[in-house]
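What follows is run05.cif (mmCIF, C-alpha atoms).
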data_model
#
loop_
_atom_site.label_atom_id
_atom_site.label_comp_id
_atom_site.auth_asym_id
_atom_site.auth_seq_id
_atom_site.Cartn_x
_atom_site.Cartn_y
_atom_site.Cartn_z
CA GLY A 94 -80.24 143.16 141.94
CA ASP A 95 -78.14 143.78 145.00
CA SER A 96 -77.33 147.35 145.94
CA VAL A 97 -75.72 149.43 148.66
CA THR A 98 -76.82 152.96 149.47
CA GLN A 99 -74.65 155.31 151.48
CA MET A 100 -75.34 158.80 152.69
CA GLU A 101 -74.18 161.50 150.32
CA GLY A 102 -71.07 163.37 151.24
CA PRO A 103 -69.01 165.24 151.83
CA VAL A 104 -69.27 165.06 155.60
CA THR A 105 -67.27 167.71 157.43
CA LEU A 106 -66.69 167.39 161.16
CA SER A 107 -64.55 169.03 163.78
CA GLU A 108 -61.96 166.95 165.58
CA GLU A 109 -63.43 164.85 168.44
CA ALA A 110 -66.95 164.99 166.98
CA PHE A 111 -69.14 161.89 166.73
CA LEU A 112 -69.34 160.27 163.32
CA THR A 113 -72.16 158.32 161.72
CA ILE A 114 -72.13 157.31 158.06
CA ASN A 115 -75.35 155.57 157.10
CA CYS A 116 -75.40 152.47 154.92
CA THR A 117 -78.39 150.40 153.88
CA TYR A 118 -78.45 147.47 151.52
CA THR A 119 -80.68 145.36 149.31
CA ALA A 120 -79.73 141.73 148.86
CA THR A 121 -81.44 138.57 147.65
CA GLY A 122 -79.48 136.31 149.99
CA TYR A 123 -77.79 136.65 153.38
CA PRO A 124 -74.76 138.83 152.69
CA SER A 125 -71.57 139.62 154.53
CA LEU A 126 -71.09 143.36 155.06
CA PHE A 127 -67.91 145.42 154.92
CA TRP A 128 -66.59 148.93 155.38
CA TYR A 129 -63.54 149.97 153.40
CA VAL A 130 -61.52 153.17 153.79
CA GLN A 131 -59.58 154.95 151.05
CA TYR A 132 -57.01 157.53 152.17
CA PRO A 133 -55.94 160.14 149.60
CA GLY A 134 -53.81 158.64 146.84
CA GLU A 135 -54.14 155.09 148.16
CA GLY A 136 -56.08 151.92 147.50
CA LEU A 137 -59.02 150.74 149.56
CA GLN A 138 -58.31 149.03 152.87
CA LEU A 139 -60.67 146.79 154.76
CA LEU A 140 -61.76 148.65 157.88
CA LEU A 141 -64.21 146.19 159.44
CA LYS A 142 -66.69 143.47 158.57
CA ALA A 143 -69.65 141.47 159.85
CA THR A 144 -70.84 138.15 158.51
CA LYS A 145 -74.14 137.60 160.28
CA ALA A 146 -77.01 139.46 161.88
CA ASP A 147 -76.24 141.33 165.13
CA ASP A 148 -72.48 140.93 164.61
CA LYS A 149 -70.51 144.07 165.44
CA GLY A 150 -67.38 144.78 163.45
CA SER A 151 -64.82 147.10 165.00
CA ASN A 152 -61.39 148.48 164.22
CA LYS A 153 -59.41 151.65 165.00
CA GLY A 154 -62.28 153.03 167.08
CA PHE A 155 -64.82 152.52 164.28
CA GLU A 156 -67.83 150.23 164.79
CA ALA A 157 -70.72 148.95 162.70
CA THR A 158 -73.51 146.52 163.63
CA TYR A 159 -75.21 144.22 161.12
CA ARG A 160 -78.93 144.97 161.47
CA LYS A 161 -80.94 142.50 159.41
CA GLU A 162 -84.30 143.93 160.41
CA THR A 163 -83.42 147.37 159.03
CA THR A 164 -80.95 146.10 156.38
CA SER A 165 -78.37 148.53 157.67
CA PHE A 166 -74.69 148.63 158.58
CA HIS A 167 -74.04 152.19 159.79
CA LEU A 168 -70.46 153.20 160.55
CA GLU A 169 -69.80 155.06 163.81
CA LYS A 170 -66.87 156.52 165.66
CA GLY A 171 -67.06 158.31 168.97
CA SER A 172 -64.32 160.88 168.42
CA VAL A 173 -62.87 161.51 164.97
CA GLN A 174 -59.36 162.72 164.26
CA VAL A 175 -57.92 164.69 161.35
CA SER A 176 -56.21 161.47 160.25
CA ASP A 177 -59.65 159.87 159.69
CA SER A 178 -60.20 162.14 156.68
CA ALA A 179 -60.79 159.71 153.82
CA VAL A 180 -63.48 158.20 151.61
CA TYR A 181 -65.49 155.40 153.23
CA PHE A 182 -67.18 152.64 151.23
CA CYS A 183 -69.85 150.24 152.41
CA ALA A 184 -69.99 146.90 150.55
CA LEU A 185 -71.75 143.56 150.60
CA SER A 186 -70.89 140.05 149.48
CA GLU A 187 -73.63 137.57 148.65
CA PRO A 188 -73.17 133.82 149.16
CA GLY A 189 -71.53 132.10 146.21
CA ASN A 190 -68.36 134.16 146.00
CA THR A 191 -69.90 136.83 143.78
CA PRO A 192 -67.95 140.10 143.61
CA LEU A 193 -68.45 142.75 146.23
CA VAL A 194 -71.13 145.33 145.58
CA PHE A 195 -69.94 148.77 146.68
CA GLY A 196 -71.77 151.90 147.68
CA LYS A 197 -70.78 155.19 146.05
CA GLY A 198 -68.50 156.20 148.90
CA THR A 199 -68.77 159.01 151.47
CA ARG A 200 -66.00 161.55 151.77
CA LEU A 201 -65.20 162.56 155.35
CA SER A 202 -63.19 165.67 156.14
CA VAL A 203 -62.15 166.29 159.73
CA ILE A 204 -60.89 169.76 160.59
CA ALA A 205 -58.74 170.67 163.59
CA ASP B 230 -44.32 141.99 152.24
CA THR B 231 -47.51 140.15 151.40
CA ALA B 232 -49.59 142.37 149.18
CA VAL B 233 -51.25 143.15 145.91
CA SER B 234 -48.86 145.23 143.82
CA GLN B 235 -49.66 147.16 140.67
CA THR B 236 -47.36 148.82 138.20
CA PRO B 237 -47.09 151.52 137.12
CA LYS B 238 -48.58 153.82 139.76
CA TYR B 239 -49.00 156.65 137.25
CA LEU B 240 -49.44 156.43 133.50
CA VAL B 241 -49.79 159.43 131.20
CA THR B 242 -50.26 158.66 127.53
CA GLN B 243 -51.69 160.04 124.34
CA MET B 244 -54.98 159.10 122.76
CA GLY B 245 -54.72 156.14 120.46
CA ASN B 246 -51.81 154.50 122.27
CA ASP B 247 -51.82 150.97 123.67
CA LYS B 248 -50.79 150.43 127.30
CA SER B 249 -50.64 147.69 129.92
CA ILE B 250 -51.05 147.66 133.68
CA LYS B 251 -49.61 144.77 135.66
CA CYS B 252 -50.88 143.24 138.90
CA GLU B 253 -49.34 140.60 141.11
CA GLN B 254 -50.47 139.14 144.42
CA ASN B 255 -48.42 136.97 146.75
CA LEU B 256 -51.27 136.15 149.12
CA GLY B 257 -52.08 132.79 147.52
CA HIS B 258 -55.57 134.01 146.63
CA ASP B 259 -57.52 132.22 143.90
CA THR B 260 -59.54 135.15 142.59
CA MET B 261 -58.38 138.47 141.14
CA TYR B 262 -60.30 141.49 139.88
CA TRP B 263 -59.95 144.73 137.97
CA TYR B 264 -62.00 147.75 139.03
CA LYS B 265 -62.24 151.22 137.50
CA GLN B 266 -62.71 154.21 139.82
CA ASP B 267 -63.97 157.40 138.21
CA SER B 268 -63.42 160.97 139.33
CA LYS B 269 -66.43 160.76 141.67
CA LYS B 270 -64.85 157.71 143.39
CA PHE B 271 -67.47 155.31 141.99
CA LEU B 272 -66.07 151.77 141.71
CA LYS B 273 -67.09 149.65 138.74
CA ILE B 274 -66.03 146.05 138.33
CA MET B 275 -64.50 145.23 134.98
CA PHE B 276 -63.20 141.67 135.16
CA SER B 277 -62.80 138.79 137.55
CA TYR B 278 -60.54 135.74 137.21
CA ASN B 279 -60.54 132.60 139.31
CA ASN B 280 -57.47 130.40 138.96
CA LYS B 281 -56.62 131.93 135.56
CA GLU B 282 -60.19 131.48 134.25
CA LEU B 283 -62.28 134.50 133.32
CA ILE B 284 -65.49 134.41 135.36
CA ILE B 285 -66.79 137.96 135.07
CA ASN B 286 -66.57 140.22 132.08
CA GLU B 287 -68.75 143.26 132.63
CA THR B 288 -69.86 145.60 129.90
CA VAL B 289 -66.43 146.91 129.07
CA PRO B 290 -65.24 147.98 125.60
CA ASN B 291 -63.34 145.19 123.90
CA ARG B 292 -60.33 147.53 123.75
CA PHE B 293 -59.77 146.27 127.32
CA SER B 294 -58.29 142.79 127.48
CA PRO B 295 -57.27 141.06 130.70
CA LYS B 296 -54.65 138.33 130.79
CA SER B 297 -53.87 135.96 133.63
CA PRO B 298 -50.69 133.93 132.98
CA ASP B 299 -51.02 132.28 136.40
CA LYS B 300 -53.24 132.73 139.43
CA ALA B 301 -50.86 135.25 141.01
CA HIS B 302 -50.94 137.66 138.05
CA LEU B 303 -53.69 139.57 136.30
CA ASN B 304 -52.67 142.14 133.73
CA LEU B 305 -54.82 144.64 131.89
CA HIS B 306 -54.07 145.69 128.34
CA ILE B 307 -55.85 148.65 126.79
CA ASN B 308 -55.81 149.34 123.05
CA SER B 309 -56.52 152.63 121.31
CA LEU B 310 -56.80 154.66 124.47
CA GLU B 311 -59.53 157.30 124.66
CA LEU B 312 -59.93 160.37 126.86
CA GLY B 313 -62.77 158.66 128.73
CA ASP B 314 -60.42 155.89 129.85
CA SER B 315 -58.77 158.33 132.25
CA ALA B 316 -59.42 156.96 135.74
CA VAL B 317 -57.78 155.06 138.57
CA TYR B 318 -57.63 151.31 137.97
CA PHE B 319 -57.49 148.98 140.97
CA CYS B 320 -56.50 145.37 141.09
CA ALA B 321 -57.80 143.27 143.97
CA SER B 322 -57.67 139.67 145.12
CA SER B 323 -59.72 137.49 147.42
CA GLN B 324 -59.90 134.01 148.84
CA GLU B 325 -62.83 133.41 151.17
CA LEU B 326 -64.68 136.49 150.00
CA ARG B 327 -67.45 136.49 152.57
CA GLU B 328 -64.91 136.21 155.41
CA GLY B 329 -62.02 138.31 154.19
CA GLY B 330 -63.31 140.62 151.51
CA TYR B 331 -60.81 142.00 149.02
CA THR B 332 -57.18 143.01 149.30
CA PHE B 333 -56.65 145.96 146.96
CA GLY B 334 -53.57 147.21 145.18
CA SER B 335 -52.67 150.87 145.51
CA GLY B 336 -54.04 151.75 142.09
CA THR B 337 -52.81 152.99 138.73
CA ARG B 338 -53.80 156.53 137.79
CA LEU B 339 -54.21 156.58 134.02
CA THR B 340 -54.38 159.95 132.28
CA VAL B 341 -55.08 160.05 128.57
CA VAL B 342 -54.21 163.35 126.88
#

Taking this structure as input, can you express it in the form of structure tokens?
Amino acid sequence: GDSVTQMEGPVTLSEEAFLTINCTYTATGYPSLFWYVQYPGEGLQLLLKATKADDKGSNKGFEATYRKETTSFHLEKGSVQVSDSAVYFCALSEPGNTPLVFGKGTRLSVIA
Amino acid sequence: DTAVSQTPKYLVTQMGNDKSIKCEQNLGHDTMYWYKQDSKKFLKIMFSYNNKELIINETVPNRFSPKSPDKAHLNLHINSLELGDSAVYFCASSQELREGGYTFGSGTRLTVV
């Protein structure tokens, strides 16, 4: 079946450091890929998405590129802030409107 | 505001009680979902409804019963609550899933004591 694998957390970075959170996937079809962010005490919010190979999703300084050849969708940010501290989820959606498949989440803590 | 809203935000109850969580979306989406998030943040789908019809019913104890009176509402009723039901429950909705993904509610933290 479909699956999403994210790097284990927690990830702890100093402010202004470079962030990478790895995400790889297994899918039978040609999925859309998403990153969601969950701030403490809140629901998940869509951060960015990509619907086809080589698409780059971007939002709030975060970027991820859909790499079909490596089945990856790694999340990056050039300079993190304390306010980026949250749990980040990678997810995929197969054709046919099947529910999203989520990774286990990666907790990011940014310290001043 | 357009959103997915859940009530209550917090629910503390004793073992054996019956409780309900309500969810409403005013986005005009056709599909709604219930997810359970455990203490390690793992998200597990429980149910999915499309236009009031149940389309996904994962391996969930039959003490959990969803009800969708119309496509804007999906409620979750839980009978005979157990300690292991303690978790955060999220409602979500979607339209063109591959384009827009989900819109999540802010969650209901259920604590069974």

Within 10 Å of stretch 181-188 of chain A: each stretch 250-309 of chain B residue with its shortest pair, only C-alpha atoms, as JSON lines:
{"residue": "B:Lys270", "atom": "CA", "partner": "A:Phe182", "partner_atom": "CA", "distance": 9.6}
{"residue": "B:Phe271", "atom": "CA", "partner": "A:Phe182", "partner_atom": "CA", "distance": 9.6}
{"residue": "B:Leu272", "atom": "CA", "partner": "A:Phe182", "partner_atom": "CA", "distance": 9.6}

* To do: Enumerate, as a list in words, the residues matched when the PyMOL selection byres ((chain B) within 7 of (chain A)) is run on the file above.
  => Lys270, Phe271, Leu272, Leu326, Arg327, Glu328, Phe333, Gly334, Ser335 and Gly336 of chain B

Atoms kept (C-alpha atoms) for selection, written as a PDB file, in the frame of the given file:
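The result, written out as selection.pdb:
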ATOM      1  CA  LYS B 270     -64.850 157.710 143.390  1.00  0.00           C
ATOM      2  CA  PHE B 271     -67.470 155.310 141.990  1.00  0.00           C
ATOM      3  CA  LEU B 272     -66.070 151.770 141.710  1.00  0.00           C
ATOM      4  CA  LEU B 326     -64.680 136.490 150.000  1.00  0.00           C
ATOM      5  CA  ARG B 327     -67.450 136.490 152.570  1.00  0.00           C
ATOM      6  CA  GLU B 328     -64.910 136.210 155.410  1.00  0.00           C
ATOM      7  CA  PHE B 333     -56.650 145.960 146.960  1.00  0.00           C
ATOM      8  CA  GLY B 334     -53.570 147.210 145.180  1.00  0.00           C
ATOM      9  CA  SER B 335     -52.670 150.870 145.510  1.00  0.00           C
ATOM     10  CA  GLY B 336     -54.040 151.750 142.090  1.00  0.00           C
TER      11      GLY B 336
END

* Between atom CA of A:Tyr118 and atom CA of B:Val289, what is the distance, to one decimal in Å? ->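 Between atom CA of A:Tyr118 and atom CA of B:Val289 the gap works out to 25.5 Å.
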
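Taking atom CA of B:Tyr318 and atom CA of B:Lys238 as the two end points, the separation is 9.6 Å.
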
* To do: Considering all atoms listed in the file, state which residue in the set B:Glu287, B:Leu305, B:Asp299, B:His258 is at the smallest distance from B:Phe319.
  =>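 Under the stated criterion, the closest residue is B:Leu305.
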
* What lies within 7 Å of B:Gly245 using all atoms listed in the file, ignoring chain neighbours under 6 positions off, as a ChimeraX atom specification? -> /B:309-311

Hey, could you patch up stretch 170-188 of chain A with N, CA and C atoms and hand it over as a tab-separated table (two decimals), keeping the file's coordinate frame?
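Written output follows (rebuild_2.tsv):
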chain	number	residue	atom	x	y	z
A	170	LYS	N	-68.08	156.34	164.88
A	170	LYS	CA	-66.87	156.52	165.66
A	170	LYS	C	-67.14	157.63	166.68
A	171	GLY	N	-66.72	157.40	167.89
A	171	GLY	CA	-67.06	158.31	168.97
A	171	GLY	C	-66.34	159.65	168.91
A	172	SER	N	-65.12	159.66	168.40
A	172	SER	CA	-64.32	160.88	168.42
A	172	SER	C	-63.36	160.85	167.24
A	173	VAL	N	-63.69	161.59	166.19
A	173	VAL	CA	-62.87	161.51	164.97
A	173	VAL	C	-61.61	162.38	165.10
A	174	GLN	N	-60.62	161.99	164.32
A	174	GLN	CA	-59.36	162.72	164.26
A	174	GLN	C	-59.13	163.21	162.84
A	175	VAL	N	-58.24	164.18	162.69
A	175	VAL	CA	-57.92	164.69	161.35
A	175	VAL	C	-57.46	163.55	160.45
A	176	SER	N	-56.74	162.59	161.03
A	176	SER	CA	-56.21	161.47	160.25
A	176	SER	C	-57.29	160.52	159.74
A	177	ASP	N	-58.53	160.69	160.19
A	177	ASP	CA	-59.65	159.87	159.69
A	177	ASP	C	-60.21	160.41	158.39
A	178	SER	N	-59.73	161.56	157.95
A	178	SER	CA	-60.20	162.14	156.68
A	178	SER	C	-59.89	161.17	155.54
A	179	ALA	N	-60.93	160.75	154.83
A	179	ALA	CA	-60.79	159.71	153.82
A	179	ALA	C	-62.16	159.54	153.15
A	180	VAL	N	-62.20	158.61	152.19
A	180	VAL	CA	-63.48	158.20	151.61
A	180	VAL	C	-63.82	156.81	152.16
A	181	TYR	N	-65.04	156.65	152.62
A	181	TYR	CA	-65.49	155.40	153.23
A	181	TYR	C	-66.52	154.73	152.33
A	182	PHE	N	-66.30	153.42	152.11
A	182	PHE	CA	-67.18	152.64	151.23
A	182	PHE	C	-67.81	151.51	152.03
A	183	CYS	N	-69.12	151.38	151.88
A	183	CYS	CA	-69.85	150.24	152.41
A	183	CYS	C	-69.98	149.22	151.28
A	184	ALA	N	-69.92	147.93	151.59
A	184	ALA	CA	-69.99	146.90	150.55
A	184	ALA	C	-70.64	145.64	151.10
A	185	LEU	N	-71.18	144.85	150.19
A	185	LEU	CA	-71.75	143.56	150.60
A	185	LEU	C	-71.23	142.45	149.69
A	186	SER	N	-71.25	141.24	150.25
A	186	SER	CA	-70.89	140.05	149.48
A	186	SER	C	-71.96	139.00	149.70
A	187	GLU	N	-72.61	138.60	148.59
A	187	GLU	CA	-73.63	137.57	148.65
A	187	GLU	C	-72.97	136.19	148.75
A	188	PRO	N	-73.71	135.19	149.21
A	188	PRO	CA	-73.17	133.82	149.16
A	188	PRO	C	-72.84	133.44	147.72
